[in-house]
Each structure stands twice: as structure tokens, then as C-alpha cells.
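Read through the structure below, which is laid out as C-alpha cells, and then see the notes.
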Amino acid sequence: MAPASKPRVRFAPSPTGYLHVGGARTALFNWLFARHEGGTMILRIEDTDVERNKPELVDGILAGLRWLGLPWDEGPYFQSQRLEMYRAAAESLLAKGAAFPCYCKAVQYAGADAIVEGEEGAEKAARIPSCPCRDLTPAERAEKDRQGLTRAIRFASPRSGVTRFEDAVFGPREVQNSEIEDFVLLRSSGLPTYQLSVVVDDIDMRITHIIRGADHLSNTPKQALLYEALDAPPPIFAHVPLILGPDRTRLSKRHGATSVSSYADEGFLPEAFRNFLALLGWSTGSDEEFLRTMDLIDRFSLSGVSRTNGIFDRDKLEWFNSQYLQKLPIDELLPYVKAELQRAGLWREEWDGAEREWFAHTVDILRPRTRLLPDFATWSRAFFSDDFDYDPEARKKFWKDPKLPDLLGKLADALDALSDWNHDACDHALRALAEAEGVKAGLLINATRVAIVGRAVAPPLFETMLVLGKLRVIARLRRALPFVSPE
RNA sequence: GGCGCCAUGGUGCAAUGGUUAGCACAUCGCCCUUUCAAGGCGGUAAUACGGGUUCGACUCCCGUUGGCGCUACCA
């Protein structure tokens with residue numbers, strides 16, 4: 001047994017788009033694995049494609065990882081700053097004869113689909129193209145160089161035999177080398193392709209486990225070949241299944257919100273998001289679902305990763321969020337609510353000081369009804385501000401009875417006369433009035449709720465009244481009277 | 001087209017070759033109830049299809065179908 005060194009993993013996004021849910025889950029799996037194993041997670045930005053690369057997106061990706069709560073241990077490294085290393089590797093491969101210069105124009109060699117579209121007979125022969133430049137003699141190469149032709153460097157794939165590698169999720173794999181084309185390592189621009197840079201970096205950074213999307217599975221044999229050609233031991237690969245949209249196609253912009261930041265904006269809790277993401281393509285093997293981050297770290301194992309592509313289920317995500325909104329220790333939740341109220345311009349500093357207990361209690365009675373953070377500032381607004389309006393639907397539903405203006409006025413008086421402001425006192429006062437007036441308590445309760453919080457949705461009335469306080473309740477009741485008259 | 005991967009309710013996951021195929025989301029109903037939630041209880045709903053192997057197959061093998069991926073001087 002080799003001395004067990006701690007695993008080193010990396011998350012390697014390319015800045016061609018924002019951090020989407022698929023990338024987020026890959027990052028999460030890497031992070032969970034590293035934390036579980038006591039290893040290291042490296043962040044590397046794969047920005048070798050100058051055409052598509054958008055440097056300004058890097059900040060967004062970093063912000064997404066921070067919001068998700070996935071701090072990396074090393075990096076970020078940028079491939080664009082390590083170009084010399086890739087060129088040197090390509091040169092050494094060239095020197096060894098494991099690679100060769102290619103003088104073809106890029107368009108001449110643009111993918112199998114283009115090549116196959118010929119006559120029927122030609123199809124089979126054209127399958128795995130092998131670049132003719134591979135067989136050029138030294139003299140011919142010298143001649144091409146003299147002509148000043150631009151050259152790319154291609155890997156000279158073995159023409160027979162098989163290539164094997166180990167995948168922690170998909171098991172041992174092997175492919176026929178005849179299926180592997182002479183892929184480009186260094187473009188004619190001198191910039192490396194993904195295949196080269198990823199292997200060179202993973203070797204240089206001593207990566208032990210490559211956890212990435214299954215879309216890379218088919219290309220892994222090429223990389224296994226490169227490890228061999230570079231005299232480096234291959235790492236353990238772990239390809240995780242893809243996340244698809246509800247229409248079973250790859251997640252993309254047309255599926256609506258796919259960027260992590262949009263979920264942050266919508267008011268999801270990062271930990272709920274993590275819990276949801278972790279269970280998409282991985283399970284503990286049991287039925288447990290509510291797993292806090294410590295639990296996830298504790299149980300995470302590559303052996304629990306599924307091989308089946310999964311569909312992003314927004315409903316389940318929301319369910320997880322509502323679970324966290326309800327089950328989190330109140331002190332953990334408060335900062336999020338505070339931030340939400342600040343965002344809505346409703347925050348008051350005393351809720352962090354003298355009235356902290358009031359704030360905690362109010363949030364506590366509100367939270368069973370919340371699903372997203374903004375709920376605290378929208379339908380719960382009246383709990384944090386005197387400036388609120390009456391929901392038209394609620395008015396329509398609970399302010400129908402023509403006796404209501406009169407009744408609510410009397411209720412305000414009765415409440416005003418109370419010497420003690422507590423749940424039972426309010427309860428008794430309201431019910432006594434209902435009985436004296438010959439109406440159901442429910443009529444008064446529902447109408448009062450709309451009057452004091454403006455909505456049909458709120459915690460139980462007397463708890464609401466306690467939290468609002470006597471003065472507010474009475475004032476709001478009287479303020480509502482002119483509006484209660486049914487048309 | 002070629003090569004490869006995958007296949008359990010609508011969705012996400014369970015089930016040493018032997019269970020009435022389990023859990024959760026969604027959905028429907030009931031309970032609770034002062035609105036809305038939450039919570040509790042229950043219902044509808046799945047092993048893609050066809051062949052094998054086996055006393056016995058969701059599980060192993062083959063084929064078909066379907067989905068996905070790769071097949072770029074993208075990553």
C-alpha cells in the first residue's frame with residue numbers, strides 16, 4: 001500500500017457562461033469529496049478559448065461558489081497564465097514522436113459529420129479520420145515550414161490496441177484505440193486545446209481524483225493516452241451524470257433559471273440548495289433526505305453516485321427550501337431574513353438590539369408559511385411596517401358582510417378597554433363581542449386579520465395581535481374602517 | 001452515420017437473485033383548523049419492450065426501442 005496522501009480535486013469551469021446548476025453540482029461533489037476525505041479542492045479557470053472566453057464572467061462564477069458556500073483551498077489558477085507549460089509539454093511530445101505537426105487548414109478537418117456526408121460507399125471509410133500530416137517525411141515537413149505554413153500539433157494516437165482507465169462511477173473502461181483520432185494538442189495559434197491543458201494541469205497540480213460531468217467520459221481515453229505519453233500516473237476519474245431540463249434536453253438558457261445566481265436572487269437558502277443538488281445524482285443509499293451540510297460531508301462517497309442523467313425538479317428544490325426555512329435554528333435563519341428586509345428597505349436596527357427577541361419570535365411564527373425568503377417582505381410586510389395595503393382578494397373574501405364596519409369599530413373599542421394584552425384576553429374579548437352581536441367568531445377573526453395585516457394569509461390571529469402590539473392593532477382596526485364598507 | 005453511456009410511478013432516489021417493489025416531491029382525498037401554511041393519515045401512479053439463464057430476475061446475458069454524450073484548431 002502506498003502511503004495514503006490526501007486527495008486533491010479540482011473544479012475547473014470555463015468562463016464562457018455563468019455558473020449553472022450542472023457546474024454547481026460538480027463543484028459541490030468535488031467539495032464534499034474533498035471535505036469528507038480531508039483533501040484539497042483547487043479552483044482552476046479554463047480560459048484557453050480566446051474566442052468564447054468572457055473574462056468578466058469569472059467574478060460571477062466565483063460569487064456563485066461563494067454563495068453556495070463552497071470555498072476552494074487553492075487558486076483560482078488561470079490557464080491563460082500557464083501557456084508556456086502547455087507549449088513545453090507539446091514540444092516534448094513532439095520530440096518523443098508522440099505528436100506531430102499538422103499543416104492542414106482547420107476547416108479541412110472539421111469533424112466527422114462533415115466528412116460522412118458524402119456518397120454512401122465512402123461513409124465507413126471516413127469514420128475515424130487520421131491526419132495525413134502524420135506520415136510526412138522530415139524533408140516534407142521542412143519544406144512546409146519553409147513555406148511558412150501555420151502548424152498545429154496533433155497527438156499521434158496508437159492505431160491498434162486498447163486504452164483503459166478507471167472510473168469510480170462507471171467502473172473500468174476500455175476503448176479501441178482505432179476509435180481515437182489524432183486530436184489537436186496545440187492550435188496553430190499556439191494556444192492549447194482542452195485535452196492538453198487539462199492533462200498538463202492535472203499532472204502539475206497533482207490531482208488525484210477528477211470529478212466532472214459525464215459529457216467528458218467519451219474524451220477520457222484521449223487523456224489517459226496523454227498521461228501515458230507524459231509518463232505520469234493517471235488519476236481516478238469519476239464522471240457524474242448530467243442534469244437535464246424538464247424536456248430531457250441539456251440544461252440551457254431556454255429552461256429559464258439555470259444560473260446559480262438566479263436562485264440566490266429568488267431567495268433560496270444556500271444550504272437548502274446544496275441539499276437539493278447533492279441528492280440529484282447521489283444518495284446515501286437510504287431514504288434520508290433532509291441532510292444538513294455536515295451530514296452530507298459525513299456521508300458523501302463516490303460509490304453513491306448514480307449513472308443516470310437527472311432532471312432538475314424545481315418543485316422539489318422549493319420543498320427543500322421550505323424545509324430549511326422551518327427547521328433551521330432560528331438564529332441561523334435570522335441573518336437571511338435581515339438581509340431580505342434590508343433589500344426591501346424594511347429593516348430597522350433595533351431588531352438587532354433591544355427588539356431582537358421580538359424579531360426572532362415574529363420570524364418564528366411567520367416561517368411555517370414561507371417558501372422563499374422574499375415571503376418575509378411581501379405577504380409578511382405588515383409585520384415589519386405600518387405601510388401596507390389591503391389585498392383585493394382578501395377584501396373580497398372577508399369584508400363582505402355589511403355589519404363589519406360597525407362590528408370592527410366595536411371590536412377596537414373592546415380591545416382598547418383591555419387592561420392586559422395577551423392571547424386569551426384578546427380571544428375572549430373578540431368572542432364575547434361575536435356572541436353579543438350574534439355573529440360567528442370566524443367572521444370577526446377573518447375580517448380583523450385583513451384589517452391588521454392586509455392579507456388573508458397570516459399566522460393565527462391572536463398570535464399576530466400579540467406580535468403587533470395593542471396600539472398598532474387598534475390603530476390599524478380603526479384605520480381600516482372606511483375601507484371595510486362593501487360596495 | 002460511427003463509438004459509447006444510460007433505462008424503477010410525472011420527478012428525484014431505495015430494493016446481498018427471493019419484499020404485498022420502499023421513501024420523498026408533485027397530485028388527489030381526509031384529519032387538524034380562525035385564514036393560509038405547516039403537520040398527520042390515506043389514495044392514484046413504476047421495473048421501456050422482446051428473448052434467454054435460473055426453482056426464482058427490477059437485479060445477470062443478448063437483442064430492440066428510446067434518451068443522452070462524444071465524434072471541433074469548444075470545454
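Lettering and numbering for the C-alpha cells are positional, with chains as A, B, ... in the shown order, residues counted from 1 in each chain, and ligands counted from 1 in the shown order.
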>> When DSSP is applied to the backbone of this structure, which of region 238-435 of chain A are assigned strand (DSSP E or B)? Write them out as a ChimeraX atom specification.
In response: /A:238-240,243-244,250,259,282,305,310-311
Could you please select, counting only C-alpha atoms (C1' of nucleotides), the residues of chain B within 7 Å of chain A and state them as a PDB file with N, CA, C and O atoms (P, O5', C5', C4', C3', O3' and C1' of nucleotides), in the first residue's frame?
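What ended up in selection.pdb:
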ATOM      1  P     G B   1     -28.337   7.256 -37.836  1.00  0.00           P
ATOM      2  O5'   G B   1     -26.916   7.188 -38.582  1.00  0.00           O
ATOM      3  C5'   G B   1     -26.786   6.443 -39.777  1.00  0.00           C
ATOM      4  C4'   G B   1     -25.324   6.406 -40.142  1.00  0.00           C
ATOM      5  C3'   G B   1     -24.421   5.838 -39.057  1.00  0.00           C
ATOM      6  O3'   G B   1     -24.340   4.428 -39.136  1.00  0.00           O
ATOM      7  C1'   G B   1     -23.539   7.885 -39.794  1.00  0.00           C
ATOM      8  P     G B   2     -24.172   3.549 -37.835  1.00  0.00           P
ATOM      9  O5'   G B   2     -22.715   3.961 -37.332  1.00  0.00           O
ATOM     10  C5'   G B   2     -21.564   3.470 -38.015  1.00  0.00           C
ATOM     11  C4'   G B   2     -20.327   3.945 -37.290  1.00  0.00           C
ATOM     12  C3'   G B   2     -20.271   3.545 -35.823  1.00  0.00           C
ATOM     13  O3'   G B   2     -19.716   2.252 -35.680  1.00  0.00           O
ATOM     14  C1'   G B   2     -19.813   5.849 -36.028  1.00  0.00           C
ATOM     15  P     C B   3     -20.214   1.324 -34.487  1.00  0.00           P
ATOM     16  O5'   C B   3     -19.545   2.029 -33.225  1.00  0.00           O
ATOM     17  C5'   C B   3     -18.133   1.994 -33.064  1.00  0.00           C
ATOM     18  C4'   C B   3     -17.737   2.858 -31.893  1.00  0.00           C
ATOM     19  C3'   C B   3     -18.478   2.586 -30.600  1.00  0.00           C
ATOM     20  O3'   C B   3     -17.967   1.468 -29.909  1.00  0.00           O
ATOM     21  C1'   C B   3     -18.423   4.907 -30.976  1.00  0.00           C
ATOM     22  P     G B   4     -19.003   0.603 -29.022  1.00  0.00           P
ATOM     23  O5'   G B   4     -19.270   1.556 -27.767  1.00  0.00           O
ATOM     24  C5'   G B   4     -18.210   1.900 -26.891  1.00  0.00           C
ATOM     25  C4'   G B   4     -18.627   3.043 -26.012  1.00  0.00           C
ATOM     26  C3'   G B   4     -19.789   2.789 -25.069  1.00  0.00           C
ATOM     27  O3'   G B   4     -19.375   2.061 -23.925  1.00  0.00           O
ATOM     28  C1'   G B   4     -20.031   4.921 -26.060  1.00  0.00           C
ATOM     29  P     C B   6     -23.642   2.171 -18.420  1.00  0.00           P
ATOM     30  O5'   C B   6     -25.052   2.915 -18.350  1.00  0.00           O
ATOM     31  C5'   C B   6     -25.249   3.974 -17.417  1.00  0.00           C
ATOM     32  C4'   C B   6     -26.587   4.631 -17.665  1.00  0.00           C
ATOM     33  C3'   C B   6     -27.800   3.716 -17.588  1.00  0.00           C
ATOM     34  O3'   C B   6     -28.206   3.510 -16.254  1.00  0.00           O
ATOM     35  C1'   C B   6     -27.974   5.080 -19.506  1.00  0.00           C
ATOM     36  P     U B  11     -40.549  10.954 -15.329  1.00  0.00           P
ATOM     37  O5'   U B  11     -40.145  11.955 -14.162  1.00  0.00           O
ATOM     38  C5'   U B  11     -39.751  13.289 -14.455  1.00  0.00           C
ATOM     39  C4'   U B  11     -39.225  13.941 -13.207  1.00  0.00           C
ATOM     40  C3'   U B  11     -38.180  13.136 -12.454  1.00  0.00           C
ATOM     41  O3'   U B  11     -36.884  13.282 -13.015  1.00  0.00           O
ATOM     42  C1'   U B  11     -39.797  13.883 -10.930  1.00  0.00           C
ATOM     43  P     G B  12     -35.852  12.081 -12.882  1.00  0.00           P
ATOM     44  O5'   G B  12     -35.366  12.234 -11.372  1.00  0.00           O
ATOM     45  C5'   G B  12     -34.732  13.432 -10.949  1.00  0.00           C
ATOM     46  C4'   G B  12     -34.440  13.354  -9.479  1.00  0.00           C
ATOM     47  C3'   G B  12     -33.730  12.089  -9.036  1.00  0.00           C
ATOM     48  O3'   G B  12     -32.336  12.189  -9.267  1.00  0.00           O
ATOM     49  C1'   G B  12     -35.527  12.531  -7.572  1.00  0.00           C
ATOM     50  P     C B  13     -31.467  10.878  -9.378  1.00  0.00           P
ATOM     51  O5'   C B  13     -32.092   9.982  -8.215  1.00  0.00           O
ATOM     52  C5'   C B  13     -31.345   8.938  -7.637  1.00  0.00           C
ATOM     53  C4'   C B  13     -31.789   8.760  -6.211  1.00  0.00           C
ATOM     54  C3'   C B  13     -31.726   7.317  -5.722  1.00  0.00           C
ATOM     55  O3'   C B  13     -30.407   7.005  -5.280  1.00  0.00           O
ATOM     56  C1'   C B  13     -33.821   8.238  -5.138  1.00  0.00           C
ATOM     57  P     A B  14     -29.890   5.544  -5.511  1.00  0.00           P
ATOM     58  O5'   A B  14     -30.518   4.767  -4.284  1.00  0.00           O
ATOM     59  C5'   A B  14     -31.642   3.927  -4.459  1.00  0.00           C
ATOM     60  C4'   A B  14     -32.070   3.437  -3.123  1.00  0.00           C
ATOM     61  C3'   A B  14     -32.103   1.914  -3.024  1.00  0.00           C
ATOM     62  O3'   A B  14     -30.890   1.398  -2.537  1.00  0.00           O
ATOM     63  C1'   A B  14     -34.229   2.786  -2.494  1.00  0.00           C
ATOM     64  P     C B  23     -43.499   3.726   1.663  1.00  0.00           P
ATOM     65  O5'   C B  23     -42.361   4.833   1.603  1.00  0.00           O
ATOM     66  C5'   C B  23     -41.500   5.019   2.713  1.00  0.00           C
ATOM     67  C4'   C B  23     -40.455   6.071   2.400  1.00  0.00           C
ATOM     68  C3'   C B  23     -40.982   7.399   1.881  1.00  0.00           C
ATOM     69  O3'   C B  23     -41.475   8.226   2.913  1.00  0.00           O
ATOM     70  C1'   C B  23     -39.155   6.727   0.575  1.00  0.00           C
ATOM     71  P     C B  25     -42.942  14.818   0.669  1.00  0.00           P
ATOM     72  O5'   C B  25     -42.557  15.439  -0.752  1.00  0.00           O
ATOM     73  C5'   C B  25     -41.613  16.494  -0.844  1.00  0.00           C
ATOM     74  C4'   C B  25     -41.460  16.923  -2.277  1.00  0.00           C
ATOM     75  C3'   C B  25     -42.752  17.310  -2.985  1.00  0.00           C
ATOM     76  O3'   C B  25     -43.115  18.643  -2.705  1.00  0.00           O
ATOM     77  C1'   C B  25     -41.505  15.863  -4.366  1.00  0.00           C
ATOM     78  P     U B  34     -61.129  26.963  14.835  1.00  0.00           P
ATOM     79  O5'   U B  34     -60.981  28.107  13.748  1.00  0.00           O
ATOM     80  C5'   U B  34     -62.137  28.706  13.148  1.00  0.00           C
ATOM     81  C4'   U B  34     -61.638  29.704  12.139  1.00  0.00           C
ATOM     82  C3'   U B  34     -60.458  29.150  11.355  1.00  0.00           C
ATOM     83  O3'   U B  34     -60.513  29.591  10.014  1.00  0.00           O
ATOM     84  C1'   U B  34     -59.796  31.064  12.611  1.00  0.00           C
ATOM     85  P     U B  35     -60.063  28.475   8.931  1.00  0.00           P
ATOM     86  O5'   U B  35     -59.389  29.391   7.831  1.00  0.00           O
ATOM     87  C5'   U B  35     -60.180  30.328   7.084  1.00  0.00           C
ATOM     88  C4'   U B  35     -59.266  31.295   6.418  1.00  0.00           C
ATOM     89  C3'   U B  35     -58.104  30.643   5.681  1.00  0.00           C
ATOM     90  O3'   U B  35     -58.492  30.254   4.380  1.00  0.00           O
ATOM     91  C1'   U B  35     -57.313  32.446   7.008  1.00  0.00           C
ATOM     92  P     C B  36     -58.018  28.850   3.827  1.00  0.00           P
ATOM     93  O5'   C B  36     -56.473  29.096   3.574  1.00  0.00           O
ATOM     94  C5'   C B  36     -56.044  30.132   2.706  1.00  0.00           C
ATOM     95  C4'   C B  36     -54.577  30.352   2.894  1.00  0.00           C
ATOM     96  C3'   C B  36     -53.735  29.086   2.901  1.00  0.00           C
ATOM     97  O3'   C B  36     -53.470  28.639   1.594  1.00  0.00           O
ATOM     98  C1'   C B  36     -53.058  30.495   4.668  1.00  0.00           C
ATOM     99  P     A B  37     -52.948  27.150   1.351  1.00  0.00           P
ATOM    100  O5'   A B  37     -51.478  27.245   1.935  1.00  0.00           O
ATOM    101  C5'   A B  37     -50.879  26.133   2.553  1.00  0.00           C
ATOM    102  C4'   A B  37     -49.698  26.619   3.336  1.00  0.00           C
ATOM    103  C3'   A B  37     -48.912  25.543   4.045  1.00  0.00           C
ATOM    104  O3'   A B  37     -47.954  24.963   3.182  1.00  0.00           O
ATOM    105  C1'   A B  37     -49.402  27.261   5.567  1.00  0.00           C
ATOM    106  P     A B  38     -47.735  23.393   3.171  1.00  0.00           P
ATOM    107  O5'   A B  38     -47.104  23.132   4.609  1.00  0.00           O
ATOM    108  C5'   A B  38     -45.855  23.706   4.972  1.00  0.00           C
ATOM    109  C4'   A B  38     -45.638  23.526   6.458  1.00  0.00           C
ATOM    110  C3'   A B  38     -45.792  22.101   6.957  1.00  0.00           C
ATOM    111  O3'   A B  38     -44.608  21.360   6.795  1.00  0.00           O
ATOM    112  C1'   A B  38     -47.062  23.542   8.318  1.00  0.00           C
ATOM    113  P     G B  69     -26.834  15.632 -25.070  1.00  0.00           P
ATOM    114  O5'   G B  69     -25.431  14.908 -24.887  1.00  0.00           O
ATOM    115  C5'   G B  69     -24.748  15.008 -23.643  1.00  0.00           C
ATOM    116  C4'   G B  69     -23.538  14.121 -23.664  1.00  0.00           C
ATOM    117  C3'   G B  69     -22.559  14.380 -24.786  1.00  0.00           C
ATOM    118  O3'   G B  69     -21.700  15.453 -24.476  1.00  0.00           O
ATOM    119  C1'   G B  69     -22.947  12.069 -24.612  1.00  0.00           C
ATOM    120  P     C B  70     -21.142  16.369 -25.634  1.00  0.00           P
ATOM    121  O5'   C B  70     -20.054  15.438 -26.311  1.00  0.00           O
ATOM    122  C5'   C B  70     -18.889  15.069 -25.588  1.00  0.00           C
ATOM    123  C4'   C B  70     -18.154  13.996 -26.341  1.00  0.00           C
ATOM    124  C3'   C B  70     -17.756  14.348 -27.768  1.00  0.00           C
ATOM    125  O3'   C B  70     -16.553  15.108 -27.804  1.00  0.00           O
ATOM    126  C1'   C B  70     -18.709  12.196 -27.728  1.00  0.00           C
ATOM    127  P     U B  71     -16.266  15.985 -29.126  1.00  0.00           P
ATOM    128  O5'   U B  71     -16.253  14.927 -30.315  1.00  0.00           O
ATOM    129  C5'   U B  71     -15.119  14.088 -30.511  1.00  0.00           C
ATOM    130  C4'   U B  71     -15.391  13.173 -31.678  1.00  0.00           C
ATOM    131  C3'   U B  71     -15.655  13.885 -32.997  1.00  0.00           C
ATOM    132  O3'   U B  71     -14.444  14.234 -33.637  1.00  0.00           O
ATOM    133  C1'   U B  71     -17.249  12.182 -32.673  1.00  0.00           C
ATOM    134  P     A B  72     -14.372  15.326 -34.749  1.00  0.00           P
ATOM    135  O5'   A B  72     -13.599  16.453 -33.894  1.00  0.00           O
ATOM    136  C5'   A B  72     -14.249  17.602 -33.541  1.00  0.00           C
ATOM    137  C4'   A B  72     -13.426  18.784 -33.967  1.00  0.00           C
ATOM    138  C3'   A B  72     -12.384  19.137 -32.884  1.00  0.00           C
ATOM    139  O3'   A B  72     -11.067  19.376 -33.312  1.00  0.00           O
ATOM    140  C1'   A B  72     -14.137  20.782 -33.030  1.00  0.00           C
ATOM    141  P     C B  73     -10.640  19.994 -34.691  1.00  0.00           P
ATOM    142  O5'   C B  73     -10.031  21.284 -33.966  1.00  0.00           O
ATOM    143  C5'   C B  73      -9.013  21.149 -33.073  1.00  0.00           C
ATOM    144  C4'   C B  73      -8.646  22.530 -32.596  1.00  0.00           C
ATOM    145  C3'   C B  73      -9.700  23.584 -32.949  1.00  0.00           C
ATOM    146  O3'   C B  73      -9.800  24.414 -31.827  1.00  0.00           O
ATOM    147  C1'   C B  73      -7.602  24.060 -34.016  1.00  0.00           C
ATOM    148  P     A B  75     -10.892  24.819 -25.608  1.00  0.00           P
ATOM    149  O5'   A B  75     -11.769  24.451 -24.345  1.00  0.00           O
ATOM    150  C5'   A B  75     -12.381  25.461 -23.552  1.00  0.00           C
ATOM    151  C4'   A B  75     -13.415  24.798 -22.689  1.00  0.00           C
ATOM    152  C3'   A B  75     -12.896  23.718 -21.761  1.00  0.00           C
ATOM    153  O3'   A B  75     -12.407  24.243 -20.549  1.00  0.00           O
ATOM    154  C1'   A B  75     -14.729  22.867 -22.957  1.00  0.00           C
TER     155        A B  75
END
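Ranking B:G67, B:C60, B:G9, B:A26 by their shortest atom-to-atom distance to A45 (chain B), with only C-alpha atoms (C1' of nucleotides) included, puts B:G9 first.
With CA of Ala238 (chain A) on one side and CA of Ile210 (chain A) on the other, the separation reads 5.9 Å.
Taking only C-alpha atoms into account, Asp352 (chain A) lies nearest to A:Ala339 out of the set A:Val240, A:Cys102, A:Ala339, A:Leu466.
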Using Å and a single decimal, report how far CA of Thr362 (chain A) sits from CA of Asp389 (chain A).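 We find that CA of Asp389 (chain A) and CA of Thr362 (chain A) lie 19.7 Å from each other.
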*asked:* Residues within 8 Å of Val199 (chain A), please, as number ranges by chain. Count only C-alpha atoms (C1' of nucleotides); anything in the same chain fewer than 5 positions from it doesn't count.
replied: A: 223, 226-227
request  = Pick out the residues sitting within 10 Å of Gly171 (chain A), and hand them over as a list in words; count only C-alpha atoms (C1' of nucleotides), and ignore anything fewer than 6 positions along from it in its own chain.
outcome  =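 Skipping anything fewer than 6 positions along the chain leaves Phe165, Phe237, Ala238 and His239 of chain A.
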| Picked from region 310-429 of chain A by DSSP as helix (DSSP H, G or I), as an MDAnalysis selection string | chainID A and resid 314:327 330:343 349:352 356:369 373:376 381:383 392:398 404:416 423:429
- Message: Would you compute the distance between CA of Asn177 (chain A) and CA of Ser157 (chain A)? Give it in Å to one decimal.
- Response: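 CA of Ser157 (chain A) lies 7.1 Å from CA of Asn177 (chain A).
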Using only C-alpha atoms, the best pick from A:Leu411, A:Leu83, A:Leu341, A:Leu471 as closest to Ala436 (chain A) would be A:Leu411
